[in-house]
Structure formats: structure tokens, C-alpha cells
Amino acid sequence: MCFFHRETMASSFQCFWGLFFSLSIYFIQATPTSNVYIVYLGLNQSHDPLLTSKHHHQLLSNVFECEEAAKQSILYHYKHSFSGFAAKLNENQANILAKMEGVVSVFRSRTMKLHTTRSWDFMGLTLDESSEVTPLQLAYGDDIVVGVLDSGVWPESKSFQEESCLGPIPSCWKGKCVKGEMFDPKRDCNRKLIGAQYYHKGFEEEFGPVNPRTFDYKSPRDFVGHGTHTASTAVGSVVKNVSSFGFGQGTARGGAPRTRLAVYKVCWNEGLEGICSEADIMAGFDNALHDGVHVISASFGGGPPLRPFFKSQAGIGSFHAMQLGVSVVFSAGNDGPAPSSVGNVAPWSICVAASTIDRSFPTKILLDKTISVMGEGFVTKKVKGKLAPARTFFRDGNCSPENSRNKTAEGMVILCFSNTPSDIGYAEVAVVNIGASGLIYALPVTDQIAETDIIPTVRINQNQGTKLRQYIDSAPKPVVISPSKTTIGKSPAPTIAHFSSRGPNTVSSDILKPDISAPGASIMAAWPPVTPPAPSSSDKRSVNWNFLSGTSMACPHVTGVVALIKSAHPDWSPAAIKSAIMTTAYNRDSTHDSILAGGSRKVADPFDIGAGHLNPLKAMDPGLVYDMQASDYIAYLCDIGYTREQIKAIVLPGTHVSCSKEDQSISNLNYPSITVSNLQSTVTIKRTVRNVGPKKTAVYFVSIVNPCGVKVSIWPRILFFSCFKEEHTYYVTLKPQKKSQGRYDFGEIVWTDGFHYVRSPLVVSVNNAGDSDDSLSYSI
């Protein structure tokens, strides 16, 4: 309906009757099928938010009977860092707007899901108080603001308390803390937590009012727990002597403990799961960039089919961030180990896979005083009972509530297998429902990652599970589960977590994604004490620190390191920072063997691990970087189908935009990795590197590992840098030497001056099996 002020009364009569007569032909049809759409207009050409909002109203009035009706349909104006709006529209209205001049894209707002402190020591960032040298984590970061788009923050956590040595808030900061339910900016914000805002209109259009149905706070305060966890992982202050149920005892801190935190709550509780509306996320991006953040961390996303870059919040938000010099770090997703499952694949952002660390939680199972099995878990007290097979209590041995035989299992520990249709979450609920004392859950050997459970649970591999099941086949046997322990350095690490989403990139196959891997399995970080540590309403426990696993946990590890690099090198672009992280990554585990890919027994390849595992110390001094600015992405955007007019609408004023009729290869984008997804004949690819090492005069030599069946040649093979020549371009020629179709092979290019090792993964798919050329040479 329309709402009017007195001064518009003269036109209200016309508006009313226009609406009345159109009900039968337009709005009666439109109202039941209206949804939230995002209308993206590109760069904000006006620096006046009021003028931008007025332009949105005028544009939207073209599909409504009057401007007042258009105003009522709008949820958000995106009016700072880019221009656009979120509004309730029907499909016809959306289609009309999409064809209008000045509109880059129109797309329906989807909901994203959240991709749910030994890890820093594991990566070499130790806090040695006896050392005379200030630890790297404490030497940088207080001039940097990290914006976390997530489920909010628990401000009372010690992770977000300001330390006495923390200086004043950076003068460039324009953000704010807003008041809301159980959130008082005067009490809850400080020199550490300097920004806190929330966005809920998109979520409420999809799921209804936030409170009380969703049991969340209509404020920046976090109930889900995910936002508190990720924020403390990225930038949490140093907190000594923490643990969760006695496990993981040590000093907790984020990657950049002195960095400032700004929270943008865009994700809300829906059944103890975080749900994020794209309309809300876009509002968070718009404000974060306007406020002056230096890094954005976003641990959410959606899986394939992926949308084009400028029909998604991730592509749009991160592109405008890149133009402003802001790095955006995304999680890769938790849909692994399936290939082509990676999300958040925009080349101007960083996409992070998840890996394990060298900390484990061994839990001993003793069956009938005869068979001893070691698994993984967080068991706090000894459990005694009788071990029974799942089929005794569940039909077909499927441990899920709907398959229960409704038999009481008091005093029993149930043995379940993951090869049934249920997963461990359903199995836990099912076992709790029948009154069992514990659960032993058999998984593939690479999938045993300890998590916080609602019942004492031990994860074992399926070989161990088969052994136990055979022993109890005739009758249940006495079993004792000992309390879990915390061990460090007893298992090879890292390995890629089985759940971590894999490449290839389904939007742009010649861009490698994920970019990098970082710790994301059994990560302990801050937690709201009002939220159960396990995602179940039956869990009545309260903790201040909790373990979570997911690429959501890997993402803020990279965010923290990006903040340190940005502080140490404030003039580096997002592309240079990403290059530093990728080219210094390592591919060997703690035993000096190849890193393995969880979910399989194979060695991790770039589709699992990206360029390798995060190495914070090396990333601070990479030697060479592959740099790019917004203008460098223009040829790439042309090549994937965007028009000159569309590109001009999104880039900063003064950027030259030209789409050549001769399309350049996407592989020529100056990316730190090289991917050729369709090599049919010899091709040559260009890369440019800049010397950022401490010595302006340097000589770099190249070494090559050829992908199987591909001859790699590089010219020149030596790069001479000086005060007068800090950049060099080199050329990579790839020549197929085998007949092949549809398979990828992997190699690498490494430039070194004897101290720095600048490594780029080389990913090639030779597709010439249908080629009749018999002159190809073959390698054996």
C-alpha cells in the first residue's frame, strides 16, 4: 500500500486509483509471488547517499504505479561503495528492471549458509615471552581494521577486550557501534571492538521476525556462535590458560591480536544454524567498505551451480572492495571431497580450503578387556556399558531417529557406521533418544575429526569398526571408554580435511580455486556462553571456548595473516597480498612427506589445497609478487562475456575500458597460479613479477616441474632486478606431448634467488584425443 505525507495529498488520489484499478491486472498476481531481488547498478557515481537513494526510487517507480509504492518495496539502499538496492519484486518487475539502461544485473536474493589455539603455533607464529624480539603477531596490526561479516559477536568474551598497550582507534575509521537488543555501544565497544552493526530485513522476508521465534538477538550480539568463533580466530586478543572441557589447554589468540574488529551481523539463527540473506550481506559489504575496513572476512557461501560474478553478493562485494584496496577472504565451502564443489571463486578475492593441524584427541576404547581401539573424541569422563550393534536398536542398522525400534538402550554404547544414509549428527540424536550412554561411530579412515558432541562419542575408522562389530556379533560385550587426551605432534599434519570443497572452478575453469589452505579442523575459539557447544537444543552445557570444524574456521586464519601483511606493507594491493600468501605456501607435512587429501588416500593436488598450506612467516617476505589492479581484470571480464558498457559501470572513473575483438586467454590474467583447462596445441602465457624483497638488486633463476605429458619452456630463465628495473615479464610455453582427454596433470614453476622460493602451481588439462595430428611427440 501507499503511505502519504500531507504535502503529497494532491497526488495521492491519483496514486490510489491507479493502484486500485491495477490490482486485478498486476498486483493481485504480483503480491503472492513477490520475492526479494537485488538490483545492482555498479559503481556509485554520486557521492551523495541521498541523491543515490532518490535515483533508486525513480528507477523503481518504473515498475510501480507511484513512487510511494516503490519506496515501500525497498529493503536496503546500497549507496556508499557501490550503487543498488534490495526490494520486494515479482518476476515481471525484475525482468523489466533488468532491461533498463544503467542496470548491470538483477538477481533474486538467495540465502547463504555458514561454512561451519594451537593452530597459530603450528604455523610458526609463537608467543615466546622470553624472547627479546617482539613476536610477529604483536609487532603489527594495530593500524588495521578487519570487518567480519557473520552472525555477530559476544562482546564480553576476553577475545574482544582491549589490551592496555592498544593505541587509539585509527583516524581513518568512519564506522560505528549501533544499539540493539542486549547490546549497548557504550558498554560493549572499545578500542578493540570498534564497530558493530546488524542487518536483518532480507532474513525476515524469508523466515519471519528475528525474535522471539528464532531465539536470536536483534542486535550485533551473537547467538549462533559462529561469528564470535571466526572473529576471535582472526583478530582475538591474547588470552592465557583457556580450554574447552579441559581440552586444548593453552593461550588463545587470533592471527592478528592487535588488529581492530568491526562486526557486521548478516547471519541469523534458524534452528541453531546460521542463515545469511544476500540482501543483508550486500548491505554489510556496502557499509564495511564505507566505514574504512582494510580486510573483510566472510565465512559463508553457496555451492554449485554458481552464479555469474555480478549476480552474486560475493562477486560484487569483493570486486568493489578490491578497487578500494580492501582484501576479501572467503571460505571455500564444506561440500568436499566431491570435485567441482568449491564456491566463492571470484579471482579478485581469496578462497580458503581447510586442513588439519598436529593436535589430536586420542580416546581409548577397551572391549571385553580384550580388544583395544584408539579413536578421536572429546570424552570428559570414563564411560562404562555394553557395546551393542546398531541393528539391535535401529532398523537396517541405520542410526537415525526415524529408524528407531523404540527399544530402551540404557547402559548401552551403540556402534554405528557412516556408510548408512544417516550422518553422525542424526546418529547422536538417535542414540540420545533411546537413552544410550555413548556412541562409537565408524568413518572412513581420513574423516576422523573430533567435534563437540551431545553424547560421549568416539570416532574410529571403518576397519576398527568392523573388528568391533564382528566381536559383538553374537551378543553385546562390556566396553570402557577412557577420557580423551590432548596430544601434539603425534600425527602427520597438515592434511586437507575431507569436508573441504574442491576444484576445478565451475565459473572460470582457467582460474585455480581454492587459492590456499589453512587450519580448519577442531579449531578452538571464543564462544557465547548462552549457546550450547553442540548444535542441539538438548545440550544444556555452557562454555566460553568451543571447538568447530569447517572452511569457516580456515578463512579467518588467512584473514589474520592478511591483516599482518597489510600492516607491514600498507601500500600492497589485495592481489600482491594474495600472491605473497600463495607463492610462499608449502606442500610438505610435518614428516616432510607430501600433504594428503582427506576423503581419499591420494596426495593433495591444487584442486584440494590450492597453492599449498598457509605459511605466515614466509608470506611477510615473499621476494616477488604477481600484482594486479582493477584495470588488469578488464580483459578477463571481456573474455568471460561482460560488455564494455557493463564493465564501465562497475570500475572507478578514469579506468580505460576496451574489449578487444581478439579475446585474450583467461590464463594470461596475472594470477599467482597458472591453469590451462583445455590445452589442444602449443600455447604461450605471460606473467609479470615485481621484486618486493629487501634487496633491490637481485637475480632469480627458474626451475620447472613439468605436468605429465606437457613440455614447459620459460623465457627468460633468469630475471635481473635492480633499482631501475623492479618488474619483469616472463613467458611460459606449454606444448602437449601426449594424447589425452578430460584429465588434469600438475606441475610447478619456482623462481629463487637462493633465499626466496616463489612457487606457482601449474595445472593443465590436455584435450587433444580427437586430434588427427600424428606428429605429436610422446613422453614415456
# chains A, B, ... in the order shown; residues from 1 in each chain; ligands from 1

call {"tool": "residues_around", "arguments": {"residues": "A:Ala635", "least_positions_apart": "5", "cutoff": "10 Å", "atoms": "only C-alpha atoms", "output": "PDB file with N, CA, C and O atoms, in the first residue's frame"}}
result
ATOM      1  N   ILE A 640      35.074 -13.324 -20.477  1.00  0.00           N
ATOM      2  CA  ILE A 640      34.037 -14.218 -19.955  1.00  0.00           C
ATOM      3  C   ILE A 640      32.633 -13.694 -20.261  1.00  0.00           C
ATOM      4  O   ILE A 640      31.644 -14.231 -19.748  1.00  0.00           O
ATOM      5  N   TYR A 642      31.327 -10.191 -20.368  1.00  0.00           N
ATOM      6  CA  TYR A 642      30.783  -8.895 -19.979  1.00  0.00           C
ATOM      7  C   TYR A 642      31.073  -7.851 -21.066  1.00  0.00           C
ATOM      8  O   TYR A 642      32.137  -7.865 -21.685  1.00  0.00           O
ATOM      9  N   ARG A 644      31.500  -3.928 -22.743  1.00  0.00           N
ATOM     10  CA  ARG A 644      32.234  -2.713 -22.374  1.00  0.00           C
ATOM     11  C   ARG A 644      31.364  -1.817 -21.505  1.00  0.00           C
ATOM     12  O   ARG A 644      31.843  -1.227 -20.523  1.00  0.00           O
ATOM     13  N   VAL A 657      38.520   1.324 -20.466  1.00  0.00           N
ATOM     14  CA  VAL A 657      37.830   0.056 -20.718  1.00  0.00           C
ATOM     15  C   VAL A 657      37.771  -0.176 -22.217  1.00  0.00           C
ATOM     16  O   VAL A 657      37.224   0.633 -22.974  1.00  0.00           O
ATOM     17  N   SER A 658      38.359  -1.278 -22.654  1.00  0.00           N
ATOM     18  CA  SER A 658      38.328  -1.646 -24.066  1.00  0.00           C
ATOM     19  C   SER A 658      38.278  -3.159 -24.177  1.00  0.00           C
ATOM     20  O   SER A 658      39.143  -3.847 -23.634  1.00  0.00           O
ATOM     21  N   CYS A 659      37.263  -3.657 -24.853  1.00  0.00           N
ATOM     22  CA  CYS A 659      37.160  -5.097 -25.099  1.00  0.00           C
ATOM     23  C   CYS A 659      37.631  -5.370 -26.513  1.00  0.00           C
ATOM     24  O   CYS A 659      36.935  -5.053 -27.491  1.00  0.00           O
ATOM     25  N   SER A 660      38.814  -5.940 -26.641  1.00  0.00           N
ATOM     26  CA  SER A 660      39.396  -6.239 -27.945  1.00  0.00           C
ATOM     27  C   SER A 660      38.599  -7.334 -28.626  1.00  0.00           C
ATOM     28  O   SER A 660      38.078  -8.252 -27.981  1.00  0.00           O
ATOM     29  N   ASP A 663      39.959 -11.941 -28.372  1.00  0.00           N
ATOM     30  CA  ASP A 663      39.914 -12.278 -26.950  1.00  0.00           C
ATOM     31  C   ASP A 663      41.255 -12.802 -26.471  1.00  0.00           C
ATOM     32  O   ASP A 663      41.867 -13.651 -27.120  1.00  0.00           O
ATOM     33  N   GLN A 664      41.692 -12.303 -25.340  1.00  0.00           N
ATOM     34  CA  GLN A 664      42.897 -12.836 -24.728  1.00  0.00           C
ATOM     35  C   GLN A 664      42.547 -14.076 -23.936  1.00  0.00           C
ATOM     36  O   GLN A 664      41.409 -14.255 -23.499  1.00  0.00           O
ATOM     37  N   SER A 665      43.523 -14.929 -23.760  1.00  0.00           N
ATOM     38  CA  SER A 665      43.299 -16.112 -22.943  1.00  0.00           C
ATOM     39  C   SER A 665      43.131 -15.713 -21.484  1.00  0.00           C
ATOM     40  O   SER A 665      43.857 -14.864 -20.975  1.00  0.00           O
ATOM     41  N   ILE A 666      42.133 -16.332 -20.821  1.00  0.00           N
ATOM     42  CA  ILE A 666      41.946 -16.081 -19.401  1.00  0.00           C
ATOM     43  C   ILE A 666      43.215 -16.441 -18.637  1.00  0.00           C
ATOM     44  O   ILE A 666      43.540 -15.843 -17.613  1.00  0.00           O
ATOM     45  N   ASN A 668      46.069 -15.675 -19.189  1.00  0.00           N
ATOM     46  CA  ASN A 668      47.018 -14.567 -19.147  1.00  0.00           C
ATOM     47  C   ASN A 668      46.754 -13.588 -18.020  1.00  0.00           C
ATOM     48  O   ASN A 668      47.542 -12.663 -17.813  1.00  0.00           O
ATOM     49  N   LEU A 669      45.645 -13.746 -17.285  1.00  0.00           N
ATOM     50  CA  LEU A 669      45.448 -12.929 -16.091  1.00  0.00           C
ATOM     51  C   LEU A 669      46.633 -13.162 -15.169  1.00  0.00           C
ATOM     52  O   LEU A 669      47.035 -14.310 -14.935  1.00  0.00           O
TER      53      LEU A 669
END

call {"tool": "closest_atom_pairs", "arguments": {"of": "stretch 722-770 of chain A", "to": "stretch 502-526 of chain A", "cutoff": "10 Å", "atoms": "only C-alpha atoms", "output": "Markdown table"}}
result
| residue | atom | partner | partner_atom | distance |
| --- | --- | --- | --- | --- |
| A:Tyr744 | CA | A:Pro504 | CA | 9.7 |
| A:Pro761 | CA | A:Leu512 | CA | 8.9 |
| A:Leu762 | CA | A:Leu512 | CA | 9.4 |
| A:Val763 | CA | A:Leu512 | CA | 8.0 |
| A:Val764 | CA | A:Asp510 | CA | 9.2 |

call {"tool": "atom_distance", "arguments": {"atom1": "atom CA of A:Glu645", "atom2": "atom CA of A:Val103"}}
result
10.2 Å

call {"tool": "residues_around", "arguments": {"residues": "A:Pro494", "least_positions_apart": "6", "cutoff": "8 Å", "atoms": "only C-alpha atoms", "output": "list in words"}}
result
Ser355, Thr356, Ile357, Asp358, Pro519, Asp589, Ser590, Ile595, Leu596 and His613 of chain A

call {"tool": "write_last_selection", "arguments": {"atoms": "all heavy atoms", "output": "PDB file, in the first residue's frame"}}
result
ATOM      1  N   SER A 355      42.326 -27.470   6.437  1.00  0.00           N
ATOM      2  CA  SER A 355      43.283 -28.549   6.702  1.00  0.00           C
ATOM      3  C   SER A 355      43.308 -28.855   8.193  1.00  0.00           C
ATOM      4  O   SER A 355      42.747 -28.126   9.008  1.00  0.00           O
ATOM      5  CB  SER A 355      44.681 -28.143   6.220  1.00  0.00           C
ATOM      6  OG  SER A 355      45.101 -26.953   6.875  1.00  0.00           O
ATOM      7  N   THR A 356      43.984 -29.936   8.532  1.00  0.00           N
ATOM      8  CA  THR A 356      44.137 -30.322   9.934  1.00  0.00           C
ATOM      9  C   THR A 356      45.419 -29.706  10.507  1.00  0.00           C
ATOM     10  O   THR A 356      46.273 -29.211   9.772  1.00  0.00           O
ATOM     11  CB  THR A 356      44.223 -31.844  10.075  1.00  0.00           C
ATOM     12  OG1 THR A 356      45.413 -32.309   9.414  1.00  0.00           O
ATOM     13  CG2 THR A 356      43.018 -32.524   9.444  1.00  0.00           C
ATOM     14  N   ILE A 357      45.551 -29.762  11.837  1.00  0.00           N
ATOM     15  CA  ILE A 357      46.799 -29.391  12.499  1.00  0.00           C
ATOM     16  C   ILE A 357      47.329 -30.619  13.237  1.00  0.00           C
ATOM     17  O   ILE A 357      46.712 -31.694  13.202  1.00  0.00           O
ATOM     18  CB  ILE A 357      46.608 -28.201  13.447  1.00  0.00           C
ATOM     19  CG1 ILE A 357      45.595 -28.530  14.561  1.00  0.00           C
ATOM     20  CG2 ILE A 357      46.164 -26.975  12.679  1.00  0.00           C
ATOM     21  CD1 ILE A 357      45.461 -27.420  15.601  1.00  0.00           C
ATOM     22  N   ASP A 358      48.458 -30.459  13.910  1.00  0.00           N
ATOM     23  CA  ASP A 358      49.124 -31.619  14.521  1.00  0.00           C
ATOM     24  C   ASP A 358      48.630 -31.906  15.938  1.00  0.00           C
ATOM     25  O   ASP A 358      49.313 -32.551  16.722  1.00  0.00           O
ATOM     26  CB  ASP A 358      50.642 -31.419  14.537  1.00  0.00           C
ATOM     27  CG  ASP A 358      51.061 -30.227  15.396  1.00  0.00           C
ATOM     28  OD1 ASP A 358      50.194 -29.386  15.730  1.00  0.00           O
ATOM     29  OD2 ASP A 358      52.250 -30.125  15.721  1.00  0.00           O
ATOM     30  N   PRO A 519      44.370 -24.011   8.628  1.00  0.00           N
ATOM     31  CA  PRO A 519      43.740 -24.871   9.632  1.00  0.00           C
ATOM     32  C   PRO A 519      42.235 -24.639   9.751  1.00  0.00           C
ATOM     33  O   PRO A 519      41.782 -23.500   9.884  1.00  0.00           O
ATOM     34  CB  PRO A 519      44.461 -24.477  10.921  1.00  0.00           C
ATOM     35  CG  PRO A 519      45.811 -24.021  10.465  1.00  0.00           C
ATOM     36  CD  PRO A 519      45.547 -23.307   9.180  1.00  0.00           C
ATOM     37  N   ASP A 589      54.150 -32.131   4.685  1.00  0.00           N
ATOM     38  CA  ASP A 589      53.603 -32.178   6.036  1.00  0.00           C
ATOM     39  C   ASP A 589      54.720 -32.254   7.068  1.00  0.00           C
ATOM     40  O   ASP A 589      55.906 -32.108   6.740  1.00  0.00           O
ATOM     41  CB  ASP A 589      52.608 -33.344   6.181  1.00  0.00           C
ATOM     42  CG  ASP A 589      53.251 -34.712   6.025  1.00  0.00           C
ATOM     43  OD1 ASP A 589      54.491 -34.832   6.161  1.00  0.00           O
ATOM     44  OD2 ASP A 589      52.510 -35.684   5.781  1.00  0.00           O
ATOM     45  N   SER A 590      54.354 -32.477   8.318  1.00  0.00           N
ATOM     46  CA  SER A 590      55.321 -32.454   9.410  1.00  0.00           C
ATOM     47  C   SER A 590      56.332 -33.590   9.344  1.00  0.00           C
ATOM     48  O   SER A 590      57.358 -33.548  10.026  1.00  0.00           O
ATOM     49  CB  SER A 590      54.587 -32.499  10.757  1.00  0.00           C
ATOM     50  OG  SER A 590      53.688 -33.599  10.807  1.00  0.00           O
ATOM     51  N   ILE A 595      51.642 -33.649   1.397  1.00  0.00           N
ATOM     52  CA  ILE A 595      50.383 -33.470   2.114  1.00  0.00           C
ATOM     53  C   ILE A 595      49.311 -34.333   1.462  1.00  0.00           C
ATOM     54  O   ILE A 595      49.193 -34.386   0.223  1.00  0.00           O
ATOM     55  CB  ILE A 595      49.971 -31.991   2.111  1.00  0.00           C
ATOM     56  CG1 ILE A 595      50.971 -31.165   2.931  1.00  0.00           C
ATOM     57  CG2 ILE A 595      48.558 -31.796   2.658  1.00  0.00           C
ATOM     58  CD1 ILE A 595      50.741 -29.665   2.870  1.00  0.00           C
ATOM     59  N   LEU A 596      48.519 -35.013   2.283  1.00  0.00           N
ATOM     60  CA  LEU A 596      47.476 -35.905   1.775  1.00  0.00           C
ATOM     61  C   LEU A 596      46.128 -35.183   1.725  1.00  0.00           C
ATOM     62  O   LEU A 596      45.899 -34.206   2.442  1.00  0.00           O
ATOM     63  CB  LEU A 596      47.360 -37.150   2.652  1.00  0.00           C
ATOM     64  CG  LEU A 596      48.572 -38.076   2.675  1.00  0.00           C
ATOM     65  CD1 LEU A 596      48.338 -39.229   3.650  1.00  0.00           C
ATOM     66  CD2 LEU A 596      48.871 -38.616   1.276  1.00  0.00           C
ATOM     67  N   HIS A 613      49.759 -24.902   1.675  1.00  0.00           N
ATOM     68  CA  HIS A 613      49.304 -24.556   3.025  1.00  0.00           C
ATOM     69  C   HIS A 613      49.896 -23.227   3.465  1.00  0.00           C
ATOM     70  O   HIS A 613      51.071 -22.919   3.215  1.00  0.00           O
ATOM     71  CB  HIS A 613      49.706 -25.648   4.012  1.00  0.00           C
ATOM     72  CG  HIS A 613      49.032 -25.528   5.339  1.00  0.00           C
ATOM     73  ND1 HIS A 613      49.529 -24.746   6.362  1.00  0.00           N
ATOM     74  CD2 HIS A 613      47.887 -26.074   5.805  1.00  0.00           C
ATOM     75  CE1 HIS A 613      48.716 -24.825   7.399  1.00  0.00           C
ATOM     76  NE2 HIS A 613      47.710 -25.617   7.086  1.00  0.00           N
TER      77      HIS A 613
END

call {"tool": "select_by_dssp", "arguments": {"residues": "stretch 576-717 of chain A", "states": "helix (DSSP H, G or I)", "output": "JSON, numbers by chain"}}
result
{"A": [576, 577, 578, 579, 580, 581, 582, 583, 606, 607, 608, 609, 616, 617, 618, 619, 630, 631, 632, 633, 634, 635, 636, 637, 638, 639, 644, 645, 646, 647, 648, 649, 650, 666, 667, 668]}

call {"tool": "residues_around", "arguments": {"residues": "A:Lys725", "least_positions_apart": "3", "cutoff": "9 Å", "atoms": "only C-alpha atoms", "output": "VMD selection string"}}
result
chain A and resid 690 to 691 696 to 697 720 to 722 728

call {"tool": "write_last_selection", "arguments": {"atoms": "all heavy atoms", "output": "mmCIF file, in the first residue's frame"}}
result
data_model
loop_
_atom_site.group_PDB
_atom_site.id
_atom_site.type_symbol
_atom_site.label_atom_id
_atom_site.label_comp_id
_atom_site.auth_asym_id
_atom_site.auth_seq_id
_atom_site.Cartn_x
_atom_site.Cartn_y
_atom_site.Cartn_z
ATOM 1 N N ARG A 690 57.047 -8.587 -9.643
ATOM 2 C CA ARG A 690 57.720 -7.401 -9.107
ATOM 3 C C ARG A 690 58.539 -7.786 -7.891
ATOM 4 O O ARG A 690 58.074 -8.546 -7.041
ATOM 5 C CB ARG A 690 56.685 -6.339 -8.713
ATOM 6 C CG ARG A 690 57.337 -5.021 -8.287
ATOM 7 C CD ARG A 690 56.335 -3.909 -8.037
ATOM 8 N NE ARG A 690 55.734 -4.002 -6.712
ATOM 9 C CZ ARG A 690 54.462 -4.262 -6.497
ATOM 10 N NH1 ARG A 690 53.651 -4.494 -7.523
ATOM 11 N NH2 ARG A 690 53.979 -4.322 -5.264
ATOM 12 N N ASN A 691 59.735 -7.253 -7.816
ATOM 13 C CA ASN A 691 60.617 -7.523 -6.691
ATOM 14 C C ASN A 691 60.197 -6.666 -5.499
ATOM 15 O O ASN A 691 60.219 -5.443 -5.555
ATOM 16 C CB ASN A 691 62.067 -7.226 -7.080
ATOM 17 C CG ASN A 691 63.037 -7.486 -5.937
ATOM 18 O OD1 ASN A 691 62.734 -8.247 -5.022
ATOM 19 N ND2 ASN A 691 64.204 -6.850 -5.992
ATOM 20 N N LYS A 696 67.094 -4.514 -3.490
ATOM 21 C CA LYS A 696 66.599 -4.061 -4.788
ATOM 22 C C LYS A 696 67.323 -4.744 -5.943
ATOM 23 O O LYS A 696 66.772 -4.918 -7.021
ATOM 24 C CB LYS A 696 66.750 -2.537 -4.905
ATOM 25 C CG LYS A 696 65.940 -1.766 -3.887
ATOM 26 C CD LYS A 696 64.452 -2.071 -4.014
ATOM 27 C CE LYS A 696 63.624 -1.283 -3.005
ATOM 28 N NZ LYS A 696 62.192 -1.643 -3.078
ATOM 29 N N THR A 697 68.581 -5.095 -5.690
ATOM 30 C CA THR A 697 69.351 -5.818 -6.712
ATOM 31 C C THR A 697 69.271 -7.304 -6.396
ATOM 32 O O THR A 697 69.699 -7.745 -5.323
ATOM 33 C CB THR A 697 70.810 -5.364 -6.740
ATOM 34 O OG1 THR A 697 70.859 -3.955 -7.008
ATOM 35 C CG2 THR A 697 71.577 -6.124 -7.804
ATOM 36 N N PHE A 720 66.819 -10.371 -13.827
ATOM 37 C CA PHE A 720 67.729 -9.455 -13.139
ATOM 38 C C PHE A 720 66.925 -8.234 -12.657
ATOM 39 O O PHE A 720 66.351 -7.503 -13.473
ATOM 40 C CB PHE A 720 68.844 -8.994 -14.080
ATOM 41 C CG PHE A 720 69.741 -10.102 -14.544
ATOM 42 C CD1 PHE A 720 69.485 -10.775 -15.734
ATOM 43 C CD2 PHE A 720 70.868 -10.458 -13.799
ATOM 44 C CE1 PHE A 720 70.317 -11.785 -16.168
ATOM 45 C CE2 PHE A 720 71.708 -11.472 -14.239
ATOM 46 C CZ PHE A 720 71.427 -12.142 -15.414
ATOM 47 N N PHE A 721 66.897 -8.026 -11.343
ATOM 48 C CA PHE A 721 66.194 -6.883 -10.772
ATOM 49 C C PHE A 721 67.211 -5.866 -10.243
ATOM 50 O O PHE A 721 68.279 -6.237 -9.756
ATOM 51 C CB PHE A 721 65.278 -7.328 -9.623
ATOM 52 C CG PHE A 721 64.151 -8.225 -10.060
ATOM 53 C CD1 PHE A 721 64.294 -9.605 -10.017
ATOM 54 C CD2 PHE A 721 62.960 -7.687 -10.524
ATOM 55 C CE1 PHE A 721 63.263 -10.435 -10.421
ATOM 56 C CE2 PHE A 721 61.927 -8.502 -10.928
ATOM 57 C CZ PHE A 721 62.068 -9.876 -10.878
ATOM 58 N N SER A 722 66.832 -4.578 -10.327
ATOM 59 C CA SER A 722 67.699 -3.514 -9.823
ATOM 60 C C SER A 722 66.823 -2.344 -9.394
ATOM 61 O O SER A 722 65.588 -2.392 -9.506
ATOM 62 C CB SER A 722 68.672 -3.053 -10.913
ATOM 63 O OG SER A 722 67.961 -2.398 -11.958
ATOM 64 N N HIS A 728 59.593 -7.575 -14.034
ATOM 65 C CA HIS A 728 59.998 -8.341 -15.217
ATOM 66 C C HIS A 728 58.825 -9.177 -15.689
ATOM 67 O O HIS A 728 58.036 -9.686 -14.879
ATOM 68 C CB HIS A 728 61.167 -9.278 -14.896
ATOM 69 C CG HIS A 728 62.510 -8.653 -15.095
ATOM 70 N ND1 HIS A 728 63.007 -8.312 -16.341
ATOM 71 C CD2 HIS A 728 63.472 -8.298 -14.202
ATOM 72 C CE1 HIS A 728 64.218 -7.794 -16.192
ATOM 73 N NE2 HIS A 728 64.516 -7.762 -14.911
#

call {"tool": "decode", "arguments": {"residues": "stretch 277-283 of chain A", "atoms": "all heavy atoms", "output": "short mmCIF file (atom, residue, chain, number, x, y, z; two decimals), in the first residue's frame"}}
result
data_model
loop_
_atom_site.label_atom_id
_atom_site.label_comp_id
_atom_site.auth_asym_id
_atom_site.auth_seq_id
_atom_site.Cartn_x
_atom_site.Cartn_y
_atom_site.Cartn_z
N SER A 277 21.09 -13.88 4.36
CA SER A 277 20.43 -13.42 3.14
C SER A 277 21.39 -12.56 2.32
O SER A 277 22.10 -11.71 2.86
CB SER A 277 19.18 -12.61 3.50
OG SER A 277 18.74 -11.84 2.40
N GLU A 278 21.38 -12.77 1.00
CA GLU A 278 22.26 -11.97 0.14
C GLU A 278 21.94 -10.48 0.25
O GLU A 278 22.85 -9.64 0.16
CB GLU A 278 22.14 -12.43 -1.31
CG GLU A 278 22.93 -13.68 -1.62
CD GLU A 278 23.08 -13.90 -3.12
OE1 GLU A 278 22.05 -14.14 -3.77
OE2 GLU A 278 24.20 -13.83 -3.63
N ALA A 279 20.65 -10.14 0.44
CA ALA A 279 20.30 -8.73 0.57
C ALA A 279 20.98 -8.12 1.80
O ALA A 279 21.48 -6.99 1.75
CB ALA A 279 18.78 -8.59 0.69
N ASP A 280 21.01 -8.85 2.89
CA ASP A 280 21.68 -8.38 4.11
C ASP A 280 23.20 -8.34 3.92
O ASP A 280 23.87 -7.41 4.40
CB ASP A 280 21.32 -9.28 5.29
CG ASP A 280 19.83 -9.29 5.60
OD1 ASP A 280 19.16 -8.30 5.27
OD2 ASP A 280 19.34 -10.30 6.15
N ILE A 281 23.75 -9.35 3.25
CA ILE A 281 25.20 -9.40 3.03
C ILE A 281 25.65 -8.20 2.21
O ILE A 281 26.67 -7.57 2.51
CB ILE A 281 25.60 -10.72 2.34
CG1 ILE A 281 25.30 -11.91 3.25
CG2 ILE A 281 27.07 -10.70 1.95
CD1 ILE A 281 25.40 -13.25 2.54
N MET A 282 24.89 -7.87 1.15
CA MET A 282 25.25 -6.72 0.32
C MET A 282 25.26 -5.43 1.15
O MET A 282 26.13 -4.57 0.97
CB MET A 282 24.26 -6.60 -0.84
CG MET A 282 24.38 -7.69 -1.88
SD MET A 282 25.66 -7.37 -3.10
CE MET A 282 24.84 -6.14 -4.10
N ALA A 283 24.30 -5.30 2.06
CA ALA A 283 24.28 -4.12 2.93
C ALA A 283 25.51 -4.10 3.84
O ALA A 283 26.10 -3.03 4.08
CB ALA A 283 23.00 -4.11 3.77
#
